[in-house]
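Inspection log for the structure reproduced underneath, given as structure tokens.
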Amino acid sequence: LSNVNINDTSFTCNMPFINAPNITIEGGTATFNGVLGSVAFLTIEGSTTLATNTTINNTLSVGANVTNNAIIAANNLDVTANTTFNGNGTGTVFVLDALTVASGVVLNTGDEIVLYSDEATTARVAPVESGAITGLVTVQRYLINAGRKWRLLTAPLKGSSNNTIYSNWQNNGNADGLTGTDVWGPVSSYDPGSNGMNYLPISTHNFRKYNSGTWTNINNTFSESLFTSSRNNAFLTFIIYPYGDGVSGNDGVPGSSNTTLIAKGSLITGDQTYTVTAGNFQLIGNPYASPIDMESLVLNGGVNGNVVDEKIWIIDPNIGVYGGYVTWDPVNQYSAAGAENALEDNQLIQSGQAFFVKAKTSPSSTTFRINESFKRAGANSTVFGRAANTSVERIRVSLEKNENNVITYKDGCVVAFYAGGSNAFNEKDVEKFTNPDETLALMNGTTSISSEHRAPIANNDELFIRVTRAVISSYKLKVKTENFTFGGTAYFHDLKLGTVTIMPLDGSIFEYPFDVTSDATTQGVRFKIVFDTTLHIDDTNNPQGVVMYPNPTSKSNGITINLGKLEFGEYNYRILNTLGQELQKGTLENQEVNQNFKINFESAMNTGCYTLQLLQQNAPIKSIKILIN
């Protein structure tokens, strides 16, 4: 069909409209009793009754009351004038992408609107400016359970009735194999019929809430509010199956399966305020059915100046086996390069996602706010950035594990060097939360850090790297520099094995395999990076990249020669004192690129200055002054 315009005081159609490009109802009352097929645009400007199902490929634009007795699926729902949906419970409007309410307009949902969610998309509500959305809305949150994961979740709703976990995320006790979740714990009195809980003797509680610095187990979903009359609540969750499928008697079910959490209540709209306590963490659920911008949260979230540190903590299910903590700040962006948000290149808190902030130690106000203006497009079902500042030198460290010959990303941390940073731990640095399994952190004194902010690199600066919660297995550290202008050398130390390796600073990835065994010293603060500005060899006369380090050194440490890209074959070295007397010599068999040779000093070497020569066929090709202290 061609475009259809209807402008009549009374129009009734009992014939089917199939694949109409555009239908516009300009005035009067139109009633459709026939089939509406796939419609490109449906614009309603006069009162309309829809009795049959239809799919709107693009936009359903509504500026008048609609008696909806059909199931409508529309990519976008634009409300341009005061509108009421009223189907007396017989109609449903699925919004697949965005619900937009014009400024000053009131939408009464008639309890018919569903914000749809699947693996590809999650519907959002655009900023509501001086208008309102009344009536109930059903909000879906699809969870990709490609594994058994912890998540921080919420529902962006409020209401004082039918607001418990059981009546929403547990489908009020109805199992359909596709939606909802079970809630369980190791308490014998748990019973789905009396408290909504399943008893799993060998387990932990899979739903928890955060209270004054501690996690509290959820033990009754009949009484635990998913949301209140004014606020949505946030929970730490471990969801693996739809409601009724995640447990079988008293035994856990292996594996996992995708599910959709469904909740129904009033949408939270308008700017939201929260009371924070100085120096404390606070878990906050995204109040809106929309992604919100992290940078706006940490830079513009204060009423009289910002009241929280410029950092956010989330749980990313892409980290480790069970999900892990990832931090974000405006300078370093994401602490873990393998975080789903980092891979998607966004800085968004998704609809249904919760996050931690930390109040400043001396805020001028205790009121933290989240504004409608913080909303953004960019819905993503897999996470549950602004481009990085390219003027800042960074090092990103990642931890990987070899699991049955498959390399899996476990965790990450990041450090930036710039004027304004400090080598002392302060409010700019982001503390590291411990993951359920492998945890990687930078150590500053006794503090574990996921995102560190340091002063520009100086000679002999050290970065310590800590690995915890590792299991007996083979691992690999990957170290990558960004935007480096530092002109010295970086040495990577394995403190357990006593080895030192030159680390590239050109943006290439330095890989360091290591094993964790039953020996506790194979993890912990096992690694460090040391920066050295000493000019070891004139680089203009060193095209093969031969390096000798560390320098200065000590008698017990010895020195390492890296032969860079020299041709394979036999080389010799000798060490001379200031009188030119040979004190030590040896042979080096070069068999690979960048091969390291550790030289231990003999007893004749004492504190002082020496010359180390590298020779090929007894002809010196490189030499360097070394200082033993």
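In the structure tokens, chains take the letters A, B, ... in the order shown, each chain's residues start at 1, and ligands count up from 1 in the order shown.
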
Exercise. Which residues, written as number ranges by chain, have at least one atom at most 7 Å from A:Glu511, with only C-alpha atoms counted and residues fewer than 5 positions away on the same chain left out?
Worked result: A: 476-479

Restricted to N, CA, C and O atoms, what would the selected residues look like written as a short mmCIF file (atom, residue, chain, number, x, y, z; two decimals), in the first residue's frame?
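Wrote it out as part_11.cif, contents follow:
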data_model
loop_
_atom_site.label_atom_id
_atom_site.label_comp_id
_atom_site.auth_asym_id
_atom_site.auth_seq_id
_atom_site.Cartn_x
_atom_site.Cartn_y
_atom_site.Cartn_z
N LYS A 476 49.69 -15.77 32.75
CA LYS A 476 50.51 -14.86 31.96
C LYS A 476 50.13 -13.42 32.30
O LYS A 476 48.94 -13.08 32.35
N LEU A 477 51.14 -12.60 32.59
CA LEU A 477 50.94 -11.16 32.71
C LEU A 477 51.19 -10.52 31.35
O LEU A 477 52.13 -10.88 30.65
N LYS A 478 50.34 -9.57 30.99
CA LYS A 478 50.55 -8.78 29.79
C LYS A 478 50.63 -7.31 30.20
O LYS A 478 49.75 -6.80 30.90
N VAL A 479 51.71 -6.66 29.78
CA VAL A 479 51.95 -5.26 30.15
C VAL A 479 52.03 -4.44 28.86
O VAL A 479 52.82 -4.76 27.96
#

Exercise. Can you list, as a PyMOL selection string, every protein, DNA or RNA residue that comes within 9 Å of A:Gln523 when you count only C-alpha atoms, leaving out same-chain residues fewer than 6 positions away?
Worked result: chain A and resi 466-470+496+515-517

Output file for the selection above: N, CA and C atoms, as a CSV table (one decimal), in the first residue's frame:
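The result, stored in out-v2.csv:
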chain,number,residue,atom,x,y,z
A,466,ARG,N,50.6,-7.1,42.3
A,466,ARG,CA,50.1,-8.2,43.3
A,466,ARG,C,49.1,-9.1,42.6
A,467,VAL,N,49.3,-10.4,42.7
A,467,VAL,CA,48.4,-11.4,42.2
A,467,VAL,C,47.9,-12.2,43.4
A,468,THR,N,46.6,-12.3,43.6
A,468,THR,CA,46.0,-13.0,44.7
A,468,THR,C,44.8,-13.9,44.2
A,469,ARG,N,44.4,-14.8,45.0
A,469,ARG,CA,43.3,-15.7,44.7
A,469,ARG,C,43.5,-16.6,43.5
A,470,ALA,N,44.8,-16.7,43.1
A,470,ALA,CA,45.1,-17.6,42.0
A,470,ALA,C,45.1,-19.0,42.4
A,496,LYS,N,60.1,-13.6,42.8
A,496,LYS,CA,60.2,-14.9,43.3
A,496,LYS,C,61.4,-15.6,42.7
A,515,ASP,N,54.0,-19.5,36.7
A,515,ASP,CA,53.2,-20.6,37.2
A,515,ASP,C,52.9,-20.3,38.7
A,516,VAL,N,51.7,-20.6,39.1
A,516,VAL,CA,51.3,-20.6,40.5
A,516,VAL,C,51.3,-22.0,41.0
A,517,THR,N,52.0,-22.3,42.1
A,517,THR,CA,52.0,-23.6,42.7
A,517,THR,C,51.4,-23.6,44.1

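For A:Tyr241, the list of residues within 7 Å, based on only C-alpha atoms and with local chain neighbours fewer than 2 positions off taken out, reads Thr181, Ile239, Tyr243, Asp245, Gly246, Ser256, Ser257, Asn258 and Thr259 of chain A.
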
Report as an mmCIF file with all heavy atoms, in the first residue's frame: the residues of stretch 276-463 of chain A with a DSSP assignment of helix (DSSP H, G or I), based on the backbone of this structure.
data_model
loop_
_atom_site.group_PDB
_atom_site.id
_atom_site.type_symbol
_atom_site.label_atom_id
_atom_site.label_comp_id
_atom_site.auth_asym_id
_atom_site.auth_seq_id
_atom_site.Cartn_x
_atom_site.Cartn_y
_atom_site.Cartn_z
ATOM 1 N N MET A 294 28.901 7.853 33.130
ATOM 2 C CA MET A 294 29.759 7.801 34.314
ATOM 3 C C MET A 294 30.421 9.146 34.594
ATOM 4 O O MET A 294 30.525 9.569 35.751
ATOM 5 C CB MET A 294 30.827 6.732 34.130
ATOM 6 C CG MET A 294 30.323 5.312 34.097
ATOM 7 S SD MET A 294 31.715 4.146 33.963
ATOM 8 C CE MET A 294 30.838 2.587 33.950
ATOM 9 N N GLU A 295 30.921 9.795 33.555
ATOM 10 C CA GLU A 295 31.621 11.061 33.766
ATOM 11 C C GLU A 295 30.701 12.096 34.394
ATOM 12 O O GLU A 295 31.101 12.843 35.293
ATOM 13 C CB GLU A 295 32.184 11.574 32.446
ATOM 14 C CG GLU A 295 33.051 12.815 32.611
ATOM 15 C CD GLU A 295 33.750 13.215 31.333
ATOM 16 O OE1 GLU A 295 33.213 12.926 30.252
ATOM 17 O OE2 GLU A 295 34.830 13.810 31.421
ATOM 18 N N SER A 296 29.442 12.152 33.948
ATOM 19 C CA SER A 296 28.492 13.084 34.554
ATOM 20 C C SER A 296 28.276 12.754 36.025
ATOM 21 O O SER A 296 28.152 13.654 36.867
ATOM 22 C CB SER A 296 27.161 13.038 33.798
ATOM 23 O OG SER A 296 27.313 13.470 32.472
ATOM 24 N N LEU A 297 28.250 11.466 36.356
ATOM 25 C CA LEU A 297 28.042 11.060 37.747
ATOM 26 C C LEU A 297 29.141 11.579 38.657
ATOM 27 O O LEU A 297 28.870 12.140 39.727
ATOM 28 C CB LEU A 297 27.978 9.533 37.851
ATOM 29 C CG LEU A 297 26.723 8.839 37.338
ATOM 30 C CD1 LEU A 297 26.933 7.333 37.314
ATOM 31 C CD2 LEU A 297 25.518 9.187 38.190
ATOM 32 N N VAL A 298 30.396 11.404 38.259
ATOM 33 C CA VAL A 298 31.492 11.738 39.162
ATOM 34 C C VAL A 298 31.908 13.200 39.092
ATOM 35 O O VAL A 298 32.542 13.714 40.016
ATOM 36 C CB VAL A 298 32.719 10.839 38.911
ATOM 37 C CG1 VAL A 298 32.376 9.383 39.149
ATOM 38 C CG2 VAL A 298 33.274 11.034 37.512
ATOM 39 N N LEU A 299 31.569 13.895 38.013
ATOM 40 C CA LEU A 299 31.963 15.296 37.897
ATOM 41 C C LEU A 299 30.819 16.264 38.189
ATOM 42 O O LEU A 299 31.066 17.402 38.596
ATOM 43 C CB LEU A 299 32.508 15.580 36.493
ATOM 44 C CG LEU A 299 33.770 14.818 36.089
ATOM 45 C CD1 LEU A 299 34.223 15.243 34.691
ATOM 46 C CD2 LEU A 299 34.896 15.037 37.088
ATOM 47 N N ASN A 300 29.583 15.825 37.992
ATOM 48 C CA ASN A 300 28.441 16.734 38.145
ATOM 49 C C ASN A 300 27.407 16.215 39.122
ATOM 50 O O ASN A 300 26.258 16.665 39.121
ATOM 51 C CB ASN A 300 27.769 16.951 36.779
ATOM 52 C CG ASN A 300 28.736 17.484 35.751
ATOM 53 O OD1 ASN A 300 29.488 18.398 36.011
ATOM 54 N ND2 ASN A 300 28.717 16.887 34.559
ATOM 55 N N GLU A 340 33.917 -5.605 29.704
ATOM 56 C CA GLU A 340 32.970 -5.510 28.590
ATOM 57 C C GLU A 340 32.730 -4.057 28.202
ATOM 58 O O GLU A 340 32.665 -3.717 27.025
ATOM 59 C CB GLU A 340 31.645 -6.184 28.965
ATOM 60 C CG GLU A 340 30.670 -6.313 27.817
ATOM 61 C CD GLU A 340 31.195 -7.204 26.710
ATOM 62 O OE1 GLU A 340 31.751 -8.276 27.016
ATOM 63 O OE2 GLU A 340 31.065 -6.826 25.537
ATOM 64 N N ASN A 341 32.607 -3.167 29.199
ATOM 65 C CA ASN A 341 32.421 -1.748 28.879
ATOM 66 C C ASN A 341 33.600 -1.204 28.101
ATOM 67 O O ASN A 341 33.447 -0.413 27.172
ATOM 68 C CB ASN A 341 32.235 -0.936 30.169
ATOM 69 C CG ASN A 341 30.840 -1.065 30.732
ATOM 70 O OD1 ASN A 341 30.331 -2.163 30.879
ATOM 71 N ND2 ASN A 341 30.212 0.046 31.030
ATOM 72 N N ALA A 342 34.826 -1.610 28.481
ATOM 73 C CA ALA A 342 36.007 -1.132 27.763
ATOM 74 C C ALA A 342 36.018 -1.654 26.335
ATOM 75 O O ALA A 342 36.372 -0.944 25.395
ATOM 76 C CB ALA A 342 37.274 -1.561 28.498
ATOM 77 N N LEU A 343 35.614 -2.921 26.159
ATOM 78 C CA LEU A 343 35.573 -3.487 24.818
ATOM 79 C C LEU A 343 34.527 -2.784 23.967
ATOM 80 O O LEU A 343 34.685 -2.631 22.760
ATOM 81 C CB LEU A 343 35.261 -4.989 24.893
ATOM 82 C CG LEU A 343 36.307 -5.855 25.609
ATOM 83 C CD1 LEU A 343 35.811 -7.284 25.724
ATOM 84 C CD2 LEU A 343 37.633 -5.810 24.883
ATOM 85 N N GLU A 344 33.422 -2.367 24.592
ATOM 86 C CA GLU A 344 32.369 -1.666 23.865
ATOM 87 C C GLU A 344 32.665 -0.182 23.705
ATOM 88 O O GLU A 344 31.930 0.536 23.035
ATOM 89 C CB GLU A 344 31.029 -1.834 24.611
ATOM 90 C CG GLU A 344 30.492 -3.248 24.613
ATOM 91 C CD GLU A 344 30.024 -3.694 23.255
ATOM 92 O OE1 GLU A 344 29.619 -2.829 22.459
ATOM 93 O OE2 GLU A 344 30.060 -4.903 22.984
ATOM 94 N N GLU A 372 18.311 13.716 35.080
ATOM 95 C CA GLU A 372 17.791 13.263 33.795
ATOM 96 C C GLU A 372 18.781 13.556 32.669
ATOM 97 O O GLU A 372 18.875 12.807 31.698
ATOM 98 C CB GLU A 372 16.454 13.957 33.493
ATOM 99 C CG GLU A 372 15.277 13.429 34.293
ATOM 100 C CD GLU A 372 14.631 12.213 33.647
ATOM 101 O OE1 GLU A 372 14.977 11.902 32.498
ATOM 102 O OE2 GLU A 372 13.798 11.571 34.297
ATOM 103 N N SER A 373 19.530 14.636 32.815
ATOM 104 C CA SER A 373 20.482 15.013 31.763
ATOM 105 C C SER A 373 21.655 14.051 31.659
ATOM 106 O O SER A 373 22.424 14.104 30.698
ATOM 107 C CB SER A 373 21.008 16.436 32.011
ATOM 108 O OG SER A 373 21.705 16.505 33.250
ATOM 109 N N PHE A 374 21.807 13.143 32.640
ATOM 110 C CA PHE A 374 22.882 12.160 32.592
ATOM 111 C C PHE A 374 22.545 10.985 31.675
ATOM 112 O O PHE A 374 23.395 10.146 31.401
ATOM 113 C CB PHE A 374 23.180 11.600 33.985
ATOM 114 C CG PHE A 374 23.702 12.612 34.982
ATOM 115 C CD1 PHE A 374 23.909 12.247 36.307
ATOM 116 C CD2 PHE A 374 23.979 13.921 34.604
ATOM 117 C CE1 PHE A 374 24.391 13.164 37.239
ATOM 118 C CE2 PHE A 374 24.449 14.842 35.522
ATOM 119 C CZ PHE A 374 24.656 14.470 36.839
#

For this session: Tell me which of A:Ser451, A:Thr408, A:Arg208, A:Asp316 sits closest to A:Gln333, counting only C-alpha atoms.
Result: A:Ser451

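Proximity of A:Ser508, A:Gln272, A:Asn562, A:Asn423 to A:Phe368, computed with only C-alpha atoms, is greatest for A:Gln272.
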
For this session: Might you pull out every residue within 9 Å of A:Met605, with only C-alpha atoms counted and same-chain residues fewer than 4 positions away left off, and present them as a VMD selection string?
Result: chain A and resid 555 577 583 to 584 601 610 628

Exercise. What lies within 9 Å of A:Ile268 using only C-alpha atoms, ignoring chain neighbours under 5 positions off, as a VMD selection string?
Worked result: chain A and resid 133 156 to 158 230 to 232 287 to 289

For this session: Name the closest residue to A:Gln350 among the candidates A:Ile218, A:Ala64, A:Ile292, A:Ala30; distances are taken between atoms, counting only C-alpha atoms.
Result: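 Nearest candidate to A:Gln350 out of A:Ile218, A:Ala64, A:Ile292, A:Ala30: A:Ile292.
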
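Taking only C-alpha atoms, the non-local environment of A:Phe207 within 9 Å (same-chain residues fewer than 2 positions away omitted) comprises A:Val183, A:Trp184, A:Gly185, A:His205, A:Lys209, A:Thr216, A:Asn217, A:Ile218, A:Asn219, A:Phe235, A:Leu236, A:Thr237, A:Phe238, A:Ile239.
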
How would the residues just picked look written out with N, CA and C atoms as a CSV table (one decimal), in the first residue's frame?
chain,number,residue,atom,x,y,z
A,183,VAL,N,16.0,-17.7,44.2
A,183,VAL,CA,16.9,-17.1,45.3
A,183,VAL,C,17.1,-18.2,46.3
A,184,TRP,N,18.3,-18.4,46.8
A,184,TRP,CA,18.6,-19.5,47.6
A,184,TRP,C,19.6,-19.2,48.7
A,185,GLY,N,19.9,-20.2,49.5
A,185,GLY,CA,20.9,-20.1,50.6
A,185,GLY,C,20.9,-21.4,51.4
A,205,HIS,N,24.5,-17.6,49.9
A,205,HIS,CA,23.4,-16.9,49.5
A,205,HIS,C,23.7,-16.2,48.1
A,209,LYS,N,22.4,-7.6,49.9
A,209,LYS,CA,22.3,-6.1,49.9
A,209,LYS,C,23.4,-5.5,50.7
A,216,THR,N,24.7,-8.1,53.5
A,216,THR,CA,23.7,-8.8,54.3
A,216,THR,C,23.0,-9.7,53.4
A,217,ASN,N,22.8,-11.0,53.8
A,217,ASN,CA,22.1,-12.0,53.0
A,217,ASN,C,20.6,-11.7,52.9
A,218,ILE,N,20.0,-12.0,51.7
A,218,ILE,CA,18.6,-11.9,51.6
A,218,ILE,C,18.0,-13.3,52.0
A,219,ASN,N,17.1,-13.3,52.9
A,219,ASN,CA,16.6,-14.5,53.5
A,219,ASN,C,15.0,-14.6,53.4
A,235,PHE,N,21.1,-4.9,44.5
A,235,PHE,CA,21.5,-6.2,45.0
A,235,PHE,C,22.7,-6.7,44.3
A,236,LEU,N,23.5,-7.5,45.1
A,236,LEU,CA,24.5,-8.3,44.6
A,236,LEU,C,23.9,-9.7,44.3
A,237,THR,N,23.9,-10.1,43.0
A,237,THR,CA,23.2,-11.3,42.6
A,237,THR,C,24.0,-12.3,41.9
A,238,PHE,N,23.6,-13.6,42.1
A,238,PHE,CA,24.3,-14.7,41.3
A,238,PHE,C,23.1,-15.5,40.7
A,239,ILE,N,22.8,-15.1,39.4
A,239,ILE,CA,21.6,-15.7,38.7
A,239,ILE,C,22.1,-16.6,37.6

Problem set entry | Minimum-distance residue to A:Ser362, chosen among A:Ala337, A:Glu427, A:Ser398, A:Ile312 (using only C-alpha atoms) | A:Glu427
